[in-house]
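Data from data-v5.csv: CSV, C-alpha atoms
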chain,number,residue,atom,x,y,z
A,1,MET,CA,-24.6,11.1,95.4
A,2,SER,CA,-27.9,9.3,96.1
A,3,GLU,CA,-26.4,6.2,94.4
A,4,LEU,CA,-23.5,6.4,96.9
A,5,LEU,CA,-25.9,6.8,99.8
A,6,ARG,CA,-27.9,3.8,98.7
A,7,GLN,CA,-24.7,1.8,98.4
A,8,ILE,CA,-23.6,2.8,101.9
A,9,LEU,CA,-27.1,1.9,103.2
A,10,ILE,CA,-26.9,-1.6,101.7
A,11,HIS,CA,-23.4,-2.1,102.9
A,12,SER,CA,-24.3,-1.1,106.4
A,13,ILE,CA,-27.2,-3.6,106.4
A,14,GLY,CA,-24.7,-6.2,105.2
A,15,SER,CA,-22.1,-5.5,107.7
A,16,PHE,CA,-24.7,-5.4,110.5
A,17,GLY,CA,-26.1,-8.8,109.6
A,18,GLY,CA,-22.7,-10.2,109.0
A,19,THR,CA,-21.4,-9.1,112.4
A,20,LEU,CA,-24.6,-10.3,114.1
A,21,GLY,CA,-24.3,-13.9,112.7
A,22,TYR,CA,-20.6,-13.9,113.4
A,23,ALA,CA,-21.3,-12.9,117.0
A,24,PHE,CA,-23.3,-16.0,117.5
A,25,LEU,CA,-20.6,-18.1,115.9
A,26,LEU,CA,-18.2,-16.8,118.6
A,27,ASN,CA,-20.9,-17.5,121.2
A,28,VAL,CA,-20.9,-14.0,122.6
A,29,PRO,CA,-23.0,-13.2,125.7
A,30,LEU,CA,-26.5,-12.2,124.5
A,31,SER,CA,-26.4,-8.7,126.0
A,32,THR,CA,-23.4,-7.8,123.8
A,33,VAL,CA,-24.7,-9.0,120.5
A,34,LEU,CA,-26.4,-5.7,119.5
A,35,PRO,CA,-23.8,-3.3,120.7
A,36,ALA,CA,-21.1,-5.3,119.0
A,37,SER,CA,-23.0,-5.6,115.7
A,38,LEU,CA,-23.8,-1.8,115.7
A,39,THR,CA,-20.1,-1.1,116.3
A,40,GLY,CA,-19.3,-3.4,113.4
A,41,LEU,CA,-21.7,-1.5,111.2
A,42,LEU,CA,-20.4,1.9,112.3
A,43,GLY,CA,-16.8,0.9,111.7
A,44,TYR,CA,-17.5,-0.4,108.2
A,45,VAL,CA,-19.6,2.7,107.3
A,46,LEU,CA,-16.8,4.9,108.6
A,47,TYR,CA,-14.3,3.1,106.4
A,48,GLU,CA,-16.5,3.6,103.3
A,49,VAL,CA,-17.0,7.3,104.1
A,50,LEU,CA,-13.2,7.7,104.6
A,51,VAL,CA,-12.4,6.0,101.3
A,52,ASN,CA,-15.2,7.2,99.1
A,53,LEU,CA,-16.2,10.6,100.4
A,54,LEU,CA,-13.1,11.9,102.1
A,55,GLY,CA,-10.7,10.4,99.6
A,56,GLN,CA,-8.4,8.8,102.1
A,57,GLY,CA,-6.0,6.0,101.1
A,58,VAL,CA,-7.2,2.4,101.6
A,59,MET,CA,-4.6,1.6,104.3
A,60,SER,CA,-5.1,4.7,106.4
A,61,SER,CA,-8.9,4.3,106.2
A,62,TYR,CA,-8.6,0.7,107.5
A,63,PHE,CA,-6.3,1.9,110.2
A,64,LEU,CA,-8.4,4.9,111.3
A,65,SER,CA,-11.7,3.0,111.4
A,66,THR,CA,-10.0,0.2,113.4
A,67,VAL,CA,-8.8,2.8,115.9
A,68,VAL,CA,-12.3,4.2,116.2
A,69,ILE,CA,-13.8,0.7,116.6
A,70,THR,CA,-11.3,-0.2,119.2
A,71,VAL,CA,-11.9,2.9,121.3
A,72,ILE,CA,-15.7,2.2,121.1
A,73,CYS,CA,-15.1,-1.4,122.0
A,74,GLU,CA,-12.9,-0.7,125.0
A,75,THR,CA,-15.3,1.9,126.3
A,76,ALA,CA,-18.3,-0.5,125.9
A,77,ALA,CA,-16.3,-3.2,127.6
A,78,ARG,CA,-15.8,-1.0,130.6
A,79,VAL,CA,-19.4,0.2,130.7
A,80,MET,CA,-20.8,-3.3,130.4
A,81,ARG,CA,-18.1,-4.9,132.6
A,82,MET,CA,-17.1,-7.5,130.0
A,83,PRO,CA,-13.7,-8.5,128.5
A,84,SER,CA,-13.0,-6.1,125.7
A,85,THR,CA,-12.0,-9.1,123.5
A,86,ILE,CA,-15.6,-9.9,123.0
A,87,PHE,CA,-16.4,-6.6,121.4
A,88,LEU,CA,-13.2,-6.4,119.4
A,89,LEU,CA,-13.4,-9.9,117.9
A,90,THR,CA,-16.9,-9.3,116.6
A,91,ALA,CA,-16.9,-5.7,115.6
A,92,LEU,CA,-13.8,-5.9,113.5
A,93,VAL,CA,-15.0,-8.7,111.3
A,94,PRO,CA,-16.5,-6.6,108.5
A,95,LEU,CA,-13.1,-5.0,107.9
A,96,VAL,CA,-11.4,-8.3,107.3
A,97,PRO,CA,-10.1,-8.1,103.6
A,98,GLY,CA,-12.0,-11.1,102.3
A,99,TYR,CA,-12.5,-9.7,98.9
A,100,THR,CA,-8.8,-8.9,98.3
A,101,PHE,CA,-7.9,-12.4,99.6
A,102,TYR,CA,-10.4,-13.9,97.2
A,103,CYS,CA,-9.0,-11.9,94.3
A,104,ALA,CA,-5.6,-13.3,95.0
A,105,MET,CA,-6.9,-16.8,94.9
A,106,LEU,CA,-8.8,-16.1,91.7
A,107,ALA,CA,-5.6,-14.7,90.1
A,108,MET,CA,-3.8,-17.8,91.2
A,109,VAL,CA,-6.3,-20.1,89.4
A,110,GLN,CA,-5.9,-17.9,86.3
A,111,ASN,CA,-2.1,-18.2,86.5
A,112,ASP,CA,-1.6,-14.5,86.8
A,113,GLY,CA,1.4,-14.3,89.1
A,114,ALA,CA,1.7,-10.5,89.2
A,115,ALA,CA,-1.9,-10.1,90.3
A,116,VAL,CA,-1.5,-12.8,93.0
A,117,ALA,CA,1.5,-11.0,94.4
A,118,SER,CA,-0.2,-7.6,94.3
A,119,TYR,CA,-3.5,-8.7,95.8
A,120,GLY,CA,-1.8,-10.9,98.3
A,121,LEU,CA,0.4,-8.1,99.4
A,122,GLN,CA,-2.5,-5.8,99.7
A,123,ALA,CA,-4.4,-8.3,101.9
A,124,VAL,CA,-1.4,-8.7,104.2
A,125,GLN,CA,-1.1,-4.9,104.5
A,126,ILE,CA,-4.7,-4.6,105.4
A,127,VAL,CA,-4.5,-7.3,108.0
A,128,ALA,CA,-1.4,-5.6,109.4
A,129,ALA,CA,-3.2,-2.3,109.5
A,130,ILE,CA,-6.1,-3.7,111.4
A,131,ALA,CA,-4.0,-5.8,113.8
A,132,VAL,CA,-1.6,-3.0,114.6
A,133,GLY,CA,-4.4,-0.4,114.8
A,134,ALA,CA,-6.5,-2.6,117.2
A,135,ALA,CA,-3.6,-3.8,119.3
A,136,VAL,CA,-1.8,-0.5,119.8
A,137,THR,CA,-5.1,1.3,120.6
A,138,SER,CA,-6.3,-1.2,123.1
A,139,VAL,CA,-2.9,-1.4,124.8
A,140,LEU,CA,-2.7,2.4,125.1
A,141,PHE,CA,-6.3,2.5,126.3
A,142,ARG,CA,-5.5,-0.1,129.0
A,143,MET,CA,-2.4,1.7,130.1
A,144,LEU,CA,-4.2,5.0,130.5
A,145,THR,CA,-7.1,3.5,132.4
A,146,MET,CA,-4.8,1.5,134.6
A,147,ARG,CA,-2.8,4.5,135.6
A,148,ARG,CA,-6.0,6.4,136.5
A,149,LYS,CA,-7.0,3.5,138.7
A,150,ALA,CA,-3.6,3.3,140.4
A,151,ARG,CA,-3.7,7.0,141.5
B,1,MET,CA,-2.0,-18.8,157.0
B,2,HIS,CA,1.5,-19.9,157.9
B,3,ILE,CA,0.7,-23.5,157.0
B,4,GLN,CA,-0.7,-22.3,153.7
B,5,GLU,CA,2.5,-20.6,152.7
B,6,THR,CA,4.6,-23.7,153.1
B,7,CYS,CA,2.1,-26.1,151.5
B,8,PRO,CA,-0.7,-24.5,149.5
B,9,ASP,CA,-4.2,-26.1,149.6
B,10,PRO,CA,-4.3,-28.4,146.5
B,11,GLN,CA,-7.9,-27.2,145.8
B,12,HIS,CA,-6.6,-23.6,145.4
B,13,VAL,CA,-3.9,-24.6,143.0
B,14,ARG,CA,-6.4,-26.7,141.0
B,15,LEU,CA,-8.8,-23.7,140.9
B,16,ILE,CA,-6.1,-21.4,139.5
B,17,CYS,CA,-5.1,-24.0,136.9
B,18,GLN,CA,-8.7,-24.6,135.9
B,19,ALA,CA,-9.5,-20.9,135.4
B,20,ALA,CA,-6.3,-20.3,133.4
B,21,GLN,CA,-6.9,-23.3,131.2
B,22,LEU,CA,-10.5,-22.3,130.5
B,23,VAL,CA,-9.5,-18.8,129.5
B,24,LEU,CA,-6.8,-20.1,127.2
B,25,GLU,CA,-9.2,-22.7,125.6
B,26,SER,CA,-11.8,-20.0,125.0
B,27,GLY,CA,-9.5,-17.8,123.0
B,28,GLY,CA,-8.4,-15.3,125.7
B,29,GLU,CA,-5.1,-13.4,125.2
B,30,THR,CA,-2.1,-14.6,127.1
B,31,TYR,CA,-2.1,-11.5,129.4
B,32,ARG,CA,-5.7,-12.3,130.2
B,33,VAL,CA,-4.8,-15.8,131.3
B,34,GLU,CA,-2.1,-14.6,133.6
B,35,GLU,CA,-4.3,-11.8,134.9
B,36,THR,CA,-7.2,-14.1,135.7
B,37,ALA,CA,-4.9,-16.5,137.6
B,38,MET,CA,-3.2,-13.8,139.6
B,39,ARG,CA,-6.6,-12.3,140.4
B,40,MET,CA,-7.9,-15.6,141.8
B,41,ALA,CA,-4.6,-16.2,143.7
B,42,ASN,CA,-5.0,-12.8,145.3
B,43,GLY,CA,-8.5,-13.5,146.3
B,44,LEU,CA,-7.6,-16.9,147.8
B,45,GLY,CA,-4.8,-15.3,149.8
B,46,LEU,CA,-2.0,-17.1,148.1
B,47,ASP,CA,1.4,-15.4,147.6
B,48,ASP,CA,4.5,-16.5,145.8
B,49,VAL,CA,2.4,-17.3,142.7
B,50,ASP,CA,3.8,-17.4,139.3
B,51,ILE,CA,2.2,-18.4,136.0
B,52,VAL,CA,3.5,-18.8,132.5
B,53,ALA,CA,1.0,-19.4,129.7
B,54,PHE,CA,1.6,-20.3,126.0
B,55,PRO,CA,-1.1,-21.1,123.5
B,56,THR,CA,-0.3,-24.8,124.0
B,57,SER,CA,0.5,-25.1,127.7
B,58,ILE,CA,0.2,-23.5,131.1
B,59,PHE,CA,2.7,-23.6,134.0
B,60,VAL,CA,1.6,-22.6,137.4
B,61,SER,CA,3.6,-22.5,140.5
B,62,VAL,CA,2.2,-21.7,143.9
B,63,GLY,CA,4.5,-21.6,146.9
B,64,GLY,CA,6.7,-24.4,145.7
B,65,VAL,CA,4.0,-26.6,144.2
B,66,ALA,CA,4.0,-26.6,140.4
B,67,ARG,CA,1.3,-27.7,138.0
B,68,ILE,CA,1.5,-28.1,134.2
B,69,ARG,CA,-1.6,-28.2,132.0
B,70,ARG,CA,-1.5,-29.2,128.3
B,71,ILE,CA,-3.9,-27.3,126.1
B,72,THR,CA,-5.0,-29.3,123.1
B,73,HIS,CA,-8.2,-27.5,122.0
B,74,ARG,CA,-8.4,-23.8,121.3
B,75,GLY,CA,-11.5,-22.2,120.1
B,76,THR,CA,-13.3,-18.9,120.6
B,77,ASN,CA,-16.1,-18.9,123.1
B,78,THR,CA,-16.5,-15.4,124.4
B,79,ALA,CA,-19.5,-16.1,126.7
B,80,ARG,CA,-17.1,-18.3,128.6
B,81,LEU,CA,-14.5,-15.6,128.8
B,82,ALA,CA,-17.1,-13.2,130.2
B,83,ARG,CA,-18.2,-15.8,132.8
B,84,ILE,CA,-14.7,-16.7,134.0
B,85,ASN,CA,-13.9,-13.0,134.2
B,86,ASP,CA,-16.9,-12.6,136.4
B,87,VAL,CA,-15.9,-15.5,138.7
B,88,SER,CA,-12.3,-14.4,139.0
B,89,ARG,CA,-13.4,-10.9,140.0
B,90,LYS,CA,-15.8,-12.2,142.5
B,91,VAL,CA,-13.1,-14.5,144.0
B,92,GLU,CA,-10.7,-11.5,144.2
B,93,ARG,CA,-13.3,-9.5,146.1
B,94,GLY,CA,-14.0,-12.4,148.4
B,95,LEU,CA,-17.6,-12.8,147.2
B,96,LEU,CA,-17.0,-16.4,146.3
B,97,ASP,CA,-15.2,-19.0,148.4
B,98,ALA,CA,-13.1,-21.8,146.8
B,99,ASP,CA,-15.9,-24.4,146.8
B,100,ALA,CA,-18.4,-22.1,145.1
B,101,ALA,CA,-15.8,-21.0,142.6
B,102,GLU,CA,-14.9,-24.5,141.8
B,103,ALA,CA,-18.5,-25.4,141.2
B,104,GLU,CA,-19.0,-22.3,139.1
B,105,LEU,CA,-15.9,-23.1,136.9
B,106,ARG,CA,-17.1,-26.7,136.4
B,107,ALA,CA,-20.5,-25.4,135.3
B,108,ILE,CA,-18.8,-23.1,132.8
B,109,ALA,CA,-16.6,-25.9,131.5
B,110,ASP,CA,-19.6,-28.2,131.1
B,111,ASP,CA,-21.8,-25.6,129.4
B,112,PRO,CA,-21.9,-26.7,125.8
B,113,GLY,CA,-22.8,-23.2,124.5
B,114,LEU,CA,-25.0,-22.6,121.6
B,115,GLY,CA,-26.4,-25.7,119.8
B,116,GLN,CA,-25.3,-26.7,116.3
B,117,ARG,CA,-28.7,-25.6,114.8
B,118,THR,CA,-28.2,-22.0,116.0
B,119,LEU,CA,-24.6,-22.0,114.7
B,120,ILE,CA,-25.8,-23.2,111.3
B,121,VAL,CA,-28.3,-20.4,111.0
B,122,ALA,CA,-25.8,-17.9,112.3
B,123,TYR,CA,-23.2,-18.9,109.8
B,124,GLY,CA,-25.7,-18.8,107.0
B,125,VAL,CA,-27.0,-15.3,108.0
B,126,SER,CA,-23.5,-14.0,108.5
B,127,ALA,CA,-22.3,-15.3,105.0
B,128,ALA,CA,-25.5,-14.1,103.3
B,129,SER,CA,-25.3,-10.6,104.9
B,130,PHE,CA,-21.6,-10.2,103.9
B,131,THR,CA,-22.6,-10.7,100.2
B,132,LEU,CA,-24.5,-7.5,100.4
B,133,VAL,CA,-21.2,-5.7,101.1
B,134,PHE,CA,-19.7,-7.2,97.9
B,135,GLY,CA,-22.5,-6.5,95.5
B,136,SER,CA,-25.3,-9.0,95.9
B,137,ASN,CA,-28.8,-9.6,94.6
B,138,PRO,CA,-31.7,-11.8,96.0
B,139,PRO,CA,-30.7,-15.1,94.3
B,140,THR,CA,-27.1,-14.7,95.4
B,141,LEU,CA,-28.3,-13.9,99.0
B,142,LEU,CA,-30.3,-17.1,99.1
B,143,LEU,CA,-27.6,-19.2,97.6
B,144,THR,CA,-25.0,-18.0,100.0
B,145,LEU,CA,-27.4,-18.6,102.9
B,146,VAL,CA,-27.7,-22.2,101.9
B,147,ILE,CA,-23.9,-22.5,101.3
B,148,GLY,CA,-23.1,-21.0,104.6
B,149,MET,CA,-25.5,-23.4,106.4
B,150,LEU,CA,-23.9,-26.3,104.7
B,151,VAL,CA,-20.4,-25.2,105.6
B,152,GLN,CA,-21.2,-25.0,109.2
B,153,ALA,CA,-23.2,-28.2,109.1
B,154,VAL,CA,-20.0,-30.3,108.3
B,155,GLN,CA,-18.1,-28.6,111.1
B,156,PRO,CA,-18.8,-31.4,113.7
B,157,LEU,CA,-16.8,-33.8,111.5
B,158,PHE,CA,-13.6,-31.9,112.4
B,159,SER,CA,-14.4,-30.8,115.9
B,160,HIS,CA,-12.7,-33.7,117.6
B,161,MET,CA,-9.4,-33.5,115.7
B,162,ALA,CA,-6.4,-31.6,116.9
B,163,MET,CA,-6.1,-28.6,114.6
B,164,GLY,CA,-9.5,-29.5,113.2
B,165,SER,CA,-10.0,-25.9,112.3
B,166,LEU,CA,-7.5,-26.3,109.5
B,167,PHE,CA,-9.7,-29.0,107.9
B,168,PHE,CA,-12.8,-27.0,108.6
B,169,ASN,CA,-11.3,-23.9,106.8
B,170,PHE,CA,-10.2,-26.1,103.9
B,171,SER,CA,-13.5,-27.8,103.5
B,172,GLY,CA,-15.3,-24.5,104.0
B,173,GLY,CA,-13.3,-22.8,101.2
B,174,LEU,CA,-13.8,-25.8,98.9
B,175,LEU,CA,-17.5,-26.1,99.5
B,176,THR,CA,-18.1,-22.4,99.1
B,177,ALA,CA,-16.2,-22.0,95.9
B,178,ALA,CA,-17.5,-25.2,94.3
B,179,LEU,CA,-21.1,-24.7,95.3
B,180,ALA,CA,-21.2,-21.1,94.4
B,181,GLN,CA,-20.1,-22.0,90.9
B,182,LEU,CA,-22.5,-24.9,90.6
B,183,GLY,CA,-25.2,-22.5,91.7
B,184,ALA,CA,-24.3,-20.0,89.1
B,185,LEU,CA,-24.4,-22.8,86.5
B,186,CYS,CA,-27.9,-23.8,87.5
B,187,LEU,CA,-29.5,-20.5,88.4
B,188,SER,CA,-29.3,-17.2,86.5
B,189,GLY,CA,-28.2,-13.9,87.9
B,190,ILE,CA,-25.8,-15.3,90.6
B,191,HIS,CA,-22.8,-13.0,91.5
B,192,VAL,CA,-20.3,-15.8,92.0
B,193,ASN,CA,-17.6,-13.5,93.4
B,194,ALA,CA,-19.9,-12.0,96.0
B,195,ALA,CA,-21.2,-15.4,97.0
B,196,ILE,CA,-17.7,-16.9,97.5
B,197,VAL,CA,-16.3,-13.9,99.4
B,198,GLY,CA,-19.5,-13.8,101.6
B,199,GLY,CA,-19.2,-17.5,102.3
B,200,ILE,CA,-15.5,-17.3,103.4
B,201,MET,CA,-15.8,-14.1,105.4
B,202,PRO,CA,-16.9,-15.7,108.7
B,203,MET,CA,-13.9,-18.1,108.7
B,204,LEU,CA,-11.2,-15.7,107.7
B,205,THR,CA,-8.9,-15.1,110.7
B,206,GLY,CA,-7.6,-11.6,110.4
B,207,LEU,CA,-8.8,-11.3,114.0
B,208,LEU,CA,-6.4,-14.0,115.3
B,209,MET,CA,-3.7,-11.6,113.9
B,210,THR,CA,-5.1,-8.9,116.2
B,211,THR,CA,-4.7,-11.3,119.2
B,212,ALA,CA,-1.2,-12.1,118.0
B,213,VAL,CA,-0.1,-8.5,117.8
B,214,ARG,CA,-1.8,-7.7,121.2
B,215,ASP,CA,0.2,-10.6,122.8
B,216,THR,CA,3.4,-9.3,121.3
B,217,MET,CA,2.6,-5.8,122.5
B,218,TYR,CA,2.3,-7.1,126.1
B,219,GLY,CA,5.7,-8.8,125.8
B,220,ASP,CA,4.4,-12.3,125.3
B,221,LEU,CA,6.7,-12.9,122.3
B,222,ILE,CA,6.4,-16.6,122.0
B,223,SER,CA,2.6,-16.6,122.2
B,224,GLY,CA,2.5,-13.8,119.7
B,225,ILE,CA,4.6,-15.7,117.2
B,226,ALA,CA,2.6,-19.0,117.8
B,227,ARG,CA,-0.7,-17.2,117.2
B,228,ALA,CA,0.6,-15.4,114.1
B,229,VAL,CA,1.6,-18.8,112.7
B,230,GLU,CA,-1.8,-20.2,113.5
B,231,ALA,CA,-3.5,-17.3,111.8
B,232,LEU,CA,-1.4,-17.8,108.7
B,233,LEU,CA,-2.0,-21.5,108.6
B,234,LEU,CA,-5.7,-21.0,108.9
B,235,ALA,CA,-5.8,-18.4,106.2
B,236,GLY,CA,-3.6,-20.6,104.1
B,237,SER,CA,-6.0,-23.6,104.4
B,238,THR,CA,-9.0,-21.4,103.5
B,239,ALA,CA,-7.0,-20.2,100.5
B,240,LEU,CA,-6.2,-23.8,99.5
B,241,GLY,CA,-9.8,-24.7,99.8
B,242,VAL,CA,-11.0,-21.8,97.6
B,243,TYR,CA,-8.2,-22.6,95.1
B,244,ALA,CA,-9.3,-26.2,94.9
B,245,GLY,CA,-13.0,-25.2,94.5
B,246,LEU,CA,-12.2,-22.8,91.7
B,247,LYS,CA,-10.0,-25.4,90.0
B,248,PHE,CA,-12.9,-27.9,90.3
B,249,ALA,CA,-15.0,-25.5,88.2
B,250,VAL,CA,-12.3,-25.2,85.6
B,251,LEU,CA,-12.2,-29.0,85.3
B,252,LEU,CA,-16.0,-29.1,85.0
B,253,GLY,CA,-15.6,-27.1,81.8
B,254,GLY,CA,-14.3,-23.6,81.7
B,255,MET,CA,-14.4,-20.8,84.2
B,256,LEU,CA,-17.9,-19.7,85.0
B,257,LEU,CA,-17.0,-16.3,86.1
Show me, as structure tokens, the structure contained in the file I just sent.
Amino acid sequence: MSELLRQILIHSIGSFGGTLGYAFLLNVPLSTVLPASLTGLLGYVLYEVLVNLLGQGVMSSYFLSTVVITVICETAARVMRMPSTIFLLTALVPLVPGYTFYCAMLAMVQNDGAAVASYGLQAVQIVAAIAVGAAVTSVLFRMLTMRRKAR
Amino acid sequence: MHIQETCPDPQHVRLICQAAQLVLESGGETYRVEETAMRMANGLGLDDVDIVAFPTSIFVSVGGVARIRRITHRGTNTARLARINDVSRKVERGLLDADAAEAELRAIADDPGLGQRTLIVAYGVSAASFTLVFGSNPPTLLLTLVIGMLVQAVQPLFSHMAMGSLFFNFSGGLLTAALAQLGALCLSGIHVNAAIVGGIMPMLTGLLMTTAVRDTMYGDLISGIARAVEALLLAGSTALGVYAGLKFAVLLGGMLL
């Protein structure tokens, strides 16, 4: 258990720093750097907790943590009066399936076609889960707040 | 007012085009481009305004006057998005007149953003931090920091090309994979897998996919498809780069993994 906690702690430092650096690459406004990085950290930890502690499937964990991140981002965007794209683009980055993608490449170099197909498909599924999760949530969020404004 | 309806002020038309173009060039979604333009048009008191935006072009028509803008460079610059958002909201509320808004937009367009040095450090930090997520140790962390900085350091070579990001992603994947393996050859205790994955994380474009799906959800089908293809091309070029880098190690003498 403590091993798992240590792992989650290291991963959260990693995802925080990774999101922080990425935020500068996207040239985000300085006031949003910290909130976006913290959201990135939170989303990644949530994913780890869902997968490791609550025993959820990989895809549903990606989907659920993306939904939570998107809700936080849309809220933060309204509170700080910034386009929500800023928060979304940065905070989702730790969830991008870089490892799966790399495994597919590695398998290709090793001439293992079956592994290429399996890892590749998995990466595509994860990207789809993230993209659909983020897009659907933010569109719904927007519709709900728009309707409230119109009343 | 009546005169404006028959022949809109060219400055107003120019302003709307400029704002829309900046949003698109900075990585805004299609609905955001159209929303920004409509907001400015409302604020300037123009009616009969229509705008169509694609990732590569914008068509604006204001009261019988039409303008077309070709978009050649697309990047992600979110500070710009925030500032244009600000300007368009101010114009809508009448807090900025056309001259002030035009000056503001020009200032935004001319602002170079963060310097290359900052970006180099940012890429290095981002890549090195991501290795922690994939099982790292101090030497791997340092190696990835250096690799990440090198990857970003060659970026200006490609920045003037159309679709330069394809070459950037290819060279990034290649450099990361090759240097990580060279590093593992020279230093002991390097986790090659973690180093490579960390190094390519900041350039993977799962997020462009998000924009593509958002565009599609708003009904901008053509933009959605174009962006999805762009995301696939970029991911493909990173993959090719990594593949070439790994092959390079095989040619050097056996897999080092």
Next on the checklist: Show me, as number ranges by chain, the residues of chain B whose atoms get within 6 Å of chain A, using all atoms listed in the file for the distance check.
Outcome noted: B: 76-79, 82, 119, 122-123, 125-126, 129-130, 132-133, 197, 201, 206, 209-210, 214, 243
Next on the checklist: Please report the interatomic distance between atom CA of B:Asp97 and atom CA of B:Leu46 in Å with one decimal.
Outcome noted: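 Between atom CA of B:Asp97 and atom CA of B:Leu46 the gap works out to 13.3 Å.
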Checklist outcome for this item: Expressed in Å, the length from atom CA of B:Glu102 to atom CA of B:Thr72 is 21.7 Å
Which polymer residues, whether protein, DNA or RNA, lie within 8 Å of the coordinate (-6.9, -24.0, 109.8) when you count only C-alpha atoms? List them as a PDB file with C-alpha atoms, keeping the file's coordinate frame, using the chain letters and numbers from the file.
ATOM      1  CA  MET B 163      -6.100 -28.600 114.600  1.00  0.00           C
ATOM      2  CA  GLY B 164      -9.500 -29.500 113.200  1.00  0.00           C
ATOM      3  CA  SER B 165     -10.000 -25.900 112.300  1.00  0.00           C
ATOM      4  CA  LEU B 166      -7.500 -26.300 109.500  1.00  0.00           C
ATOM      5  CA  PHE B 167      -9.700 -29.000 107.900  1.00  0.00           C
ATOM      6  CA  PHE B 168     -12.800 -27.000 108.600  1.00  0.00           C
ATOM      7  CA  ASN B 169     -11.300 -23.900 106.800  1.00  0.00           C
ATOM      8  CA  PHE B 170     -10.200 -26.100 103.900  1.00  0.00           C
ATOM      9  CA  GLU B 230      -1.800 -20.200 113.500  1.00  0.00           C
ATOM     10  CA  ALA B 231      -3.500 -17.300 111.800  1.00  0.00           C
ATOM     11  CA  LEU B 233      -2.000 -21.500 108.600  1.00  0.00           C
ATOM     12  CA  LEU B 234      -5.700 -21.000 108.900  1.00  0.00           C
ATOM     13  CA  ALA B 235      -5.800 -18.400 106.200  1.00  0.00           C
ATOM     14  CA  GLY B 236      -3.600 -20.600 104.100  1.00  0.00           C
ATOM     15  CA  SER B 237      -6.000 -23.600 104.400  1.00  0.00           C
ATOM     16  CA  THR B 238      -9.000 -21.400 103.500  1.00  0.00           C
TER      17      THR B 238
END
I'd like the contact shell of B:Val65 - 9 Å cut-off, only C-alpha atoms, skipping same-chain residues fewer than 5 positions apart - returned as a short mmCIF file (atom, residue, chain, number, x, y, z; two decimals) with C-alpha atoms, in the frame of the given file.
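Just written: result29.cif:
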data_model
loop_
_atom_site.label_atom_id
_atom_site.label_comp_id
_atom_site.auth_asym_id
_atom_site.auth_seq_id
_atom_site.Cartn_x
_atom_site.Cartn_y
_atom_site.Cartn_z
CA CYS B 7 2.10 -26.10 151.50
CA PRO B 8 -0.70 -24.50 149.50
CA PRO B 10 -4.30 -28.40 146.50
CA VAL B 13 -3.90 -24.60 143.00
CA VAL B 60 1.60 -22.60 137.40
#
Checklist entry - For B:Lys247, which of B:Gly64, B:Pro139, B:Gly75, B:Gly173 is the closest residue, counting all atoms listed in the file? => result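 Of B:Gly64, B:Pro139, B:Gly75, B:Gly173, the one nearest B:Lys247, counting all atoms listed in the file, is B:Gly173.
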Would you pick out the contacts of B:Glu29 at 8 Å or less, using all atoms listed in the file, so that residues sharing its chain but fewer than 4 positions from it are not included, and give the list as a PDB file with C-alpha atoms, in the coordinates of the input?
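around.pdb written:
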ATOM      1  CA  LEU B  24      -6.800 -20.100 127.200  1.00  0.00           C
ATOM      2  CA  VAL B  33      -4.800 -15.800 131.300  1.00  0.00           C
ATOM      3  CA  THR B 211      -4.700 -11.300 119.200  1.00  0.00           C
ATOM      4  CA  ARG B 214      -1.800  -7.700 121.200  1.00  0.00           C
ATOM      5  CA  ASP B 215       0.200 -10.600 122.800  1.00  0.00           C
TER       6      ASP B 215
END
Next on the checklist: Between atom CA of A:Arg78 and atom CA of B:Val91, what is the distance in Å, rounded to a tenth?
Outcome noted: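 Atom CA of B:Val91 lies at a distance of 19.2 Å from atom CA of A:Arg78.
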Taking all atoms of stretch 118-125 of chain A that the file lists, what box with edges along x, y and z, padded by 4 Å per side, do you get, with centre and edge lengths in Å to one decimal, as AutoDock Vina command-line options?
--center_x -2.0 --center_y -7.9 --center_z 99.4 --size_x 12.8 --size_y 14.0 --size_z 18.2
Just add N, CA and C atoms to stretch 130-136 of chain A and send it as a PDB file, in the frame of the given file.
ATOM      1  N   ILE A 130      -5.088  -3.474 110.371  1.00  0.00           N
ATOM      2  CA  ILE A 130      -6.100  -3.700 111.400  1.00  0.00           C
ATOM      3  C   ILE A 130      -5.521  -4.226 112.667  1.00  0.00           C
ATOM      4  N   ALA A 131      -4.608  -5.207 112.549  1.00  0.00           N
ATOM      5  CA  ALA A 131      -4.000  -5.800 113.800  1.00  0.00           C
ATOM      6  C   ALA A 131      -3.283  -4.782 114.569  1.00  0.00           C
ATOM      7  N   VAL A 132      -2.449  -3.999 113.887  1.00  0.00           N
ATOM      8  CA  VAL A 132      -1.600  -3.000 114.600  1.00  0.00           C
ATOM      9  C   VAL A 132      -2.561  -1.918 115.180  1.00  0.00           C
ATOM     10  N   GLY A 133      -3.532  -1.468 114.357  1.00  0.00           N
ATOM     11  CA  GLY A 133      -4.400  -0.400 114.800  1.00  0.00           C
ATOM     12  C   GLY A 133      -5.171  -0.877 116.091  1.00  0.00           C
ATOM     13  N   ALA A 134      -5.724  -2.097 116.069  1.00  0.00           N
ATOM     14  CA  ALA A 134      -6.500  -2.600 117.200  1.00  0.00           C
ATOM     15  C   ALA A 134      -5.591  -2.796 118.418  1.00  0.00           C
ATOM     16  N   ALA A 135      -4.439  -3.438 118.188  1.00  0.00           N
ATOM     17  CA  ALA A 135      -3.600  -3.800 119.300  1.00  0.00           C
ATOM     18  C   ALA A 135      -3.014  -2.571 119.990  1.00  0.00           C
ATOM     19  N   VAL A 136      -2.467  -1.657 119.194  1.00  0.00           N
ATOM     20  CA  VAL A 136      -1.800  -0.500 119.800  1.00  0.00           C
ATOM     21  C   VAL A 136      -2.880   0.344 120.548  1.00  0.00           C
TER      22      VAL A 136
END
